[in-house]
$ cat protein20.cif   # mmCIF, C-alpha atoms
data_start
#
loop_
_atom_site.label_atom_id
_atom_site.label_comp_id
_atom_site.auth_asym_id
_atom_site.auth_seq_id
_atom_site.Cartn_x
_atom_site.Cartn_y
_atom_site.Cartn_z
CA MET A 1 -165.38 -8.57 44.12
CA ASN A 2 -163.82 -6.56 41.38
CA ALA A 3 -165.23 -6.17 37.89
CA LYS A 4 -162.71 -8.55 36.27
CA LYS A 5 -163.75 -11.41 38.55
CA ILE A 6 -167.44 -10.77 37.89
CA VAL A 7 -166.95 -10.74 34.11
CA CYS A 8 -164.89 -13.94 34.32
CA LEU A 9 -167.52 -15.64 36.53
CA VAL A 10 -170.38 -14.64 34.19
CA SER A 11 -168.41 -15.91 31.18
CA ILE A 12 -167.75 -19.28 32.82
CA CYS A 13 -171.42 -19.66 33.80
CA GLY A 14 -172.52 -18.83 30.25
CA PHE A 15 -170.08 -21.35 28.80
CA LEU A 16 -171.25 -24.11 31.17
CA MET A 17 -174.91 -23.40 30.43
CA GLY A 18 -174.20 -23.60 26.68
CA CYS A 19 -172.49 -26.96 27.13
CA GLY A 20 -175.50 -28.27 29.02
CA VAL A 21 -177.84 -27.36 26.14
CA ASP A 22 -175.62 -29.17 23.62
CA GLN A 23 -175.57 -32.29 25.79
CA GLU A 24 -179.37 -32.24 26.13
CA GLN A 25 -179.78 -31.92 22.37
CA GLU A 26 -177.36 -34.81 21.76
CA ALA A 27 -179.10 -36.99 24.34
CA SER A 28 -182.54 -36.38 22.83
CA ALA A 29 -181.43 -37.20 19.25
CA GLU A 30 -182.46 -40.78 18.53
CA PRO A 31 -179.93 -42.96 16.72
CA LYS A 32 -180.95 -44.06 13.24
CA MET A 33 -181.59 -47.77 12.80
CA LEU A 34 -182.24 -50.00 9.81
CA ASP A 35 -185.90 -51.00 9.95
CA VAL A 36 -187.52 -53.65 7.76
CA LYS A 37 -191.27 -54.22 7.68
CA LEU A 38 -191.97 -57.59 6.03
CA ASN A 39 -195.42 -58.00 4.48
CA GLY A 40 -197.14 -60.90 2.79
CA PRO A 41 -200.05 -63.29 3.16
CA SER A 42 -200.21 -65.64 6.14
CA GLU A 43 -202.29 -68.19 4.19
CA VAL A 44 -202.04 -69.16 0.52
CA SER A 45 -203.19 -71.97 -1.73
CA LYS A 46 -200.81 -74.44 -3.32
CA ASP A 47 -199.53 -73.10 -6.70
CA GLU A 48 -200.93 -69.60 -5.98
CA THR A 49 -198.55 -66.82 -7.01
CA VAL A 50 -197.92 -64.41 -4.13
CA ILE A 51 -195.82 -61.32 -3.50
CA PHE A 52 -193.73 -60.72 -0.38
CA ARG A 53 -192.62 -57.16 0.28
CA ALA A 54 -189.96 -55.59 2.52
CA VAL A 55 -190.29 -51.87 3.26
CA VAL A 56 -186.80 -50.69 4.21
CA THR A 57 -186.15 -47.46 6.12
CA TYR A 58 -183.22 -45.92 7.97
CA GLY A 59 -184.62 -43.45 10.47
CA ASP A 60 -187.12 -41.44 8.40
CA GLU A 61 -185.26 -42.14 5.14
CA LYS A 62 -186.59 -44.71 2.63
CA VAL A 63 -183.63 -46.88 1.59
CA GLU A 64 -183.42 -46.84 -2.21
CA ASN A 65 -179.97 -48.41 -2.53
CA ALA A 66 -179.72 -51.35 -0.14
CA ASP A 67 -176.54 -53.39 -0.53
CA ASP A 68 -178.42 -56.70 -0.57
CA VAL A 69 -182.05 -57.79 -0.19
CA GLN A 70 -182.96 -61.46 -0.43
CA PHE A 71 -185.88 -63.54 0.76
CA GLU A 72 -185.34 -67.00 2.18
CA ILE A 73 -188.27 -69.39 1.88
CA GLU A 74 -188.02 -72.55 3.94
CA LYS A 75 -190.50 -75.30 4.72
CA GLU A 76 -190.96 -76.22 8.38
CA ASN A 77 -188.67 -79.07 9.52
CA ALA A 78 -186.41 -78.58 6.47
CA GLU A 79 -183.81 -76.37 8.14
CA GLY A 80 -180.92 -75.46 5.88
CA GLN A 81 -182.84 -76.37 2.72
CA GLY A 82 -184.45 -73.00 2.10
CA GLU A 83 -184.44 -71.19 -1.20
CA MET A 84 -182.89 -67.70 -1.45
CA ILE A 85 -184.55 -65.32 -3.91
CA GLU A 86 -183.04 -61.97 -4.90
CA ALA A 87 -185.54 -59.15 -4.32
CA LYS A 88 -186.34 -56.47 -6.87
CA HIS A 89 -186.34 -52.82 -5.82
CA ARG A 90 -189.60 -51.12 -6.77
CA LYS A 91 -189.65 -47.59 -5.28
CA ASP A 92 -189.89 -45.76 -1.94
CA GLY A 93 -187.74 -48.33 -0.12
CA ILE A 94 -189.92 -51.27 -1.27
CA TYR A 95 -188.26 -54.55 -2.28
CA GLU A 96 -190.31 -57.50 -3.56
CA VAL A 97 -190.22 -61.14 -4.58
CA GLU A 98 -192.92 -63.08 -6.37
CA THR A 99 -193.14 -66.82 -5.78
CA ASP A 100 -195.47 -69.77 -5.42
CA PHE A 101 -195.51 -72.85 -3.19
CA GLN A 102 -195.54 -76.34 -4.69
CA GLU A 103 -196.43 -78.27 -1.54
CA PRO A 104 -198.87 -77.71 1.31
CA GLY A 105 -197.34 -77.07 4.73
CA ILE A 106 -195.99 -74.38 7.02
CA TYR A 107 -193.23 -72.15 5.65
CA THR A 108 -191.04 -69.37 6.99
CA VAL A 109 -190.37 -66.38 4.76
CA GLN A 110 -187.42 -64.35 6.03
CA SER A 111 -186.01 -61.23 4.45
CA HIS A 112 -182.27 -60.66 4.67
CA VAL A 113 -181.57 -56.93 4.25
CA THR A 114 -178.13 -55.34 4.31
CA ALA A 115 -177.95 -51.54 4.08
CA LYS A 116 -176.24 -48.62 5.84
CA ASP A 117 -173.69 -50.99 7.45
CA SER A 118 -176.53 -52.87 9.18
CA HIS A 119 -178.37 -56.16 8.71
CA ASN A 120 -182.00 -56.93 9.57
CA MET A 121 -183.79 -60.27 9.12
CA PRO A 122 -187.50 -60.22 10.02
CA LYS A 123 -189.59 -63.27 9.20
CA ILE A 124 -193.20 -64.30 8.86
CA ARG A 125 -195.00 -67.64 8.91
CA VAL A 126 -197.06 -68.80 5.93
CA GLU A 127 -199.52 -71.68 5.79
CA VAL A 128 -199.92 -73.28 2.36
CA LYS A 129 -203.16 -75.25 1.85
#

$ encode --input "protein20.cif" --output "structure tokens"
Amino acid sequence: MNAKKIVCLVSICGFLMGCGVDQEQEASAEPKMLDVKLNGPSEVSKDETVIFRAVVTYGDEKVENADDVQFEIEKENAEGQGEMIEAKHRKDGIYEVETDFQEPGIYTVQSHVTAKDSHNMPKIRVEVK
């Protein structure tokens, strides 16, 4: 083999090895997703004021400017009759609502979060005594 062919072959091998590294790095990079952790009590007393909190992140980033954050509070067996409450942004990706429950029963509290072209709607169950 002459020197030109060897140089060409080494160059091609180096190029292909470099491409393989880039593909490995791209494959190992996890896609960012909108994550919402919904927190609040699972049991409350009638007329007790409670706070429900959504901690909103996008990958490792705390979302400080969500497009829309609302909490839907709906009594069991009253589908479609829930109340939507606009959440207030506090800090560090935390959005909150403060509410109370007028009647005993089982309720669903569901956050509706729109941010970063994504939507996430976790929910929790609350028993009101």

$ closest_residue --input "protein20.cif" --among "A:Glu74, A:Val109, A:His119, A:Glu86" --to "A:Ser42" --atoms "only C-alpha atoms"
A:Val109

$ resolve_selection --input "protein20.cif" --expression "the PyMOL selection byres ((chain A and resi 34) around 6)" --output "MDAnalysis selection string"
chainID A and resid 33 35 57:58

$ closest_residue --input "protein20.cif" --among "A:Asp117, A:Asp100, A:Asp92, A:Glu127" --to "A:Val63" --atoms "all atoms listed in the file"
A:Asp92

$ closest_residue --input "protein20.cif" --among "A:Asp67, A:Thr114, A:Val56, A:Ile73" --to "A:Phe101" --atoms "all atoms listed in the file"
A:Ile73

$ residues_around --input "protein20.cif" --residues "A:Ile94" --least-positions-apart "2" --cutoff "8 Å" --atoms "only C-alpha atoms" --output "PyMOL selection string"
chain A and resi 53-56+64+89-92+96

$ write_last_selection --input "protein20.cif" --atoms "C-alpha atoms" --output "PDB file, keeping the file's coordinate frame"
ATOM      1  CA  ARG A  53    -192.620 -57.160   0.280  1.00  0.00           C
ATOM      2  CA  ALA A  54    -189.960 -55.590   2.520  1.00  0.00           C
ATOM      3  CA  VAL A  55    -190.290 -51.870   3.260  1.00  0.00           C
ATOM      4  CA  VAL A  56    -186.800 -50.690   4.210  1.00  0.00           C
ATOM      5  CA  GLU A  64    -183.420 -46.840  -2.210  1.00  0.00           C
ATOM      6  CA  HIS A  89    -186.340 -52.820  -5.820  1.00  0.00           C
ATOM      7  CA  ARG A  90    -189.600 -51.120  -6.770  1.00  0.00           C
ATOM      8  CA  LYS A  91    -189.650 -47.590  -5.280  1.00  0.00           C
ATOM      9  CA  ASP A  92    -189.890 -45.760  -1.940  1.00  0.00           C
ATOM     10  CA  GLU A  96    -190.310 -57.500  -3.560  1.00  0.00           C
TER      11      GLU A  96
END

$ closest_residue --input "protein20.cif" --among "A:Ile85, A:Val113, A:Val97, A:Val50" --to "A:Lys37" --atoms "all atoms listed in the file"
A:Val113

$ decode --input "protein20.cif" --residues "stretch 21-114 of chain A" --atoms "C-alpha atoms" --output "short mmCIF file (atom, residue, chain, number, x, y, z; two decimals), in the first residue's frame"
data_model
loop_
_atom_site.label_atom_id
_atom_site.label_comp_id
_atom_site.auth_asym_id
_atom_site.auth_seq_id
_atom_site.Cartn_x
_atom_site.Cartn_y
_atom_site.Cartn_z
CA VAL A 21 -18.66 9.23 19.96
CA ASP A 22 -21.16 11.92 18.96
CA GLN A 23 -23.90 9.34 18.54
CA GLU A 24 -23.14 7.83 21.96
CA GLN A 25 -23.29 11.26 23.59
CA GLU A 26 -26.61 12.04 21.88
CA ALA A 27 -28.07 8.68 22.88
CA SER A 28 -27.09 9.11 26.53
CA ALA A 29 -28.58 12.64 26.81
CA GLU A 30 -31.99 12.30 28.44
CA PRO A 31 -34.81 14.37 26.95
CA LYS A 32 -36.20 17.08 29.23
CA MET A 33 -39.75 16.58 30.41
CA LEU A 34 -42.23 18.73 32.30
CA ASP A 35 -42.55 17.25 35.77
CA VAL A 36 -45.16 18.28 38.35
CA LYS A 37 -45.08 17.06 41.94
CA LEU A 38 -48.47 17.74 43.55
CA ASN A 39 -48.48 18.01 47.34
CA GLY A 40 -51.25 18.49 49.87
CA PRO A 41 -53.02 16.78 52.74
CA SER A 42 -54.86 13.51 52.15
CA GLU A 43 -57.26 14.19 55.05
CA VAL A 44 -58.76 17.49 56.19
CA SER A 45 -61.61 18.68 58.36
CA LYS A 46 -64.66 20.45 56.96
CA ASP A 47 -64.05 24.25 56.77
CA GLU A 48 -60.29 23.80 57.42
CA THR A 49 -58.14 26.03 55.22
CA VAL A 50 -55.50 24.02 53.36
CA ILE A 51 -52.76 24.67 50.83
CA PHE A 52 -52.10 22.54 47.75
CA ARG A 53 -48.74 22.96 46.06
CA ALA A 54 -47.36 22.02 42.64
CA VAL A 55 -43.57 21.92 42.25
CA VAL A 56 -42.89 22.37 38.53
CA THR A 57 -39.60 21.41 36.90
CA TYR A 58 -38.34 20.91 33.35
CA GLY A 59 -35.35 18.61 33.52
CA ASP A 60 -33.24 20.12 36.32
CA GLU A 61 -34.71 23.61 35.77
CA LYS A 62 -37.32 25.04 38.17
CA VAL A 63 -40.11 26.53 36.02
CA GLU A 64 -40.62 30.13 37.11
CA ASN A 65 -42.80 31.22 34.19
CA ALA A 66 -45.38 28.52 33.49
CA ASP A 67 -47.98 29.50 30.89
CA ASP A 68 -50.89 28.31 33.05
CA VAL A 69 -51.26 26.62 36.44
CA GLN A 70 -54.71 25.85 37.80
CA PHE A 71 -56.06 23.43 40.37
CA GLU A 72 -59.33 21.63 39.79
CA ILE A 73 -61.20 20.52 42.91
CA GLU A 74 -64.03 18.09 42.34
CA LYS A 75 -66.17 16.06 44.71
CA GLU A 76 -66.48 12.34 44.01
CA ASN A 77 -69.49 11.46 41.81
CA ALA A 78 -69.84 15.10 40.69
CA GLU A 79 -67.91 14.79 37.43
CA GLY A 80 -67.83 17.98 35.40
CA GLN A 81 -68.83 20.13 38.37
CA GLY A 82 -65.35 20.84 39.70
CA GLU A 83 -64.05 24.26 40.59
CA MET A 84 -60.95 25.64 38.82
CA ILE A 85 -58.69 27.86 40.93
CA GLU A 86 -55.82 29.89 39.46
CA ALA A 87 -52.55 29.10 41.26
CA LYS A 88 -50.16 31.72 42.56
CA HIS A 89 -46.46 31.43 41.77
CA ARG A 90 -44.36 31.62 44.94
CA LYS A 91 -40.70 30.88 44.05
CA ASP A 92 -38.41 28.05 42.93
CA GLY A 93 -41.04 26.54 40.61
CA ILE A 94 -43.68 26.37 43.38
CA TYR A 95 -47.31 27.21 42.56
CA GLU A 96 -50.01 27.19 45.26
CA VAL A 97 -53.71 27.48 45.95
CA GLU A 98 -55.38 27.93 49.30
CA THR A 99 -58.91 26.59 49.75
CA ASP A 100 -61.33 24.97 52.15
CA PHE A 101 -64.01 22.30 51.79
CA GLN A 102 -67.62 23.03 52.75
CA GLU A 103 -68.91 19.45 52.72
CA PRO A 104 -67.54 16.13 53.97
CA GLY A 105 -66.70 13.56 51.31
CA ILE A 106 -64.00 12.37 48.94
CA TYR A 107 -62.49 14.93 46.57
CA THR A 108 -59.98 14.90 43.74
CA VAL A 109 -57.49 17.75 43.53
CA GLN A 110 -55.85 17.89 40.11
CA SER A 111 -53.27 20.40 38.96
CA HIS A 112 -53.34 21.48 35.32
CA VAL A 113 -49.89 22.80 34.38
CA THR A 114 -48.92 24.13 30.97
#
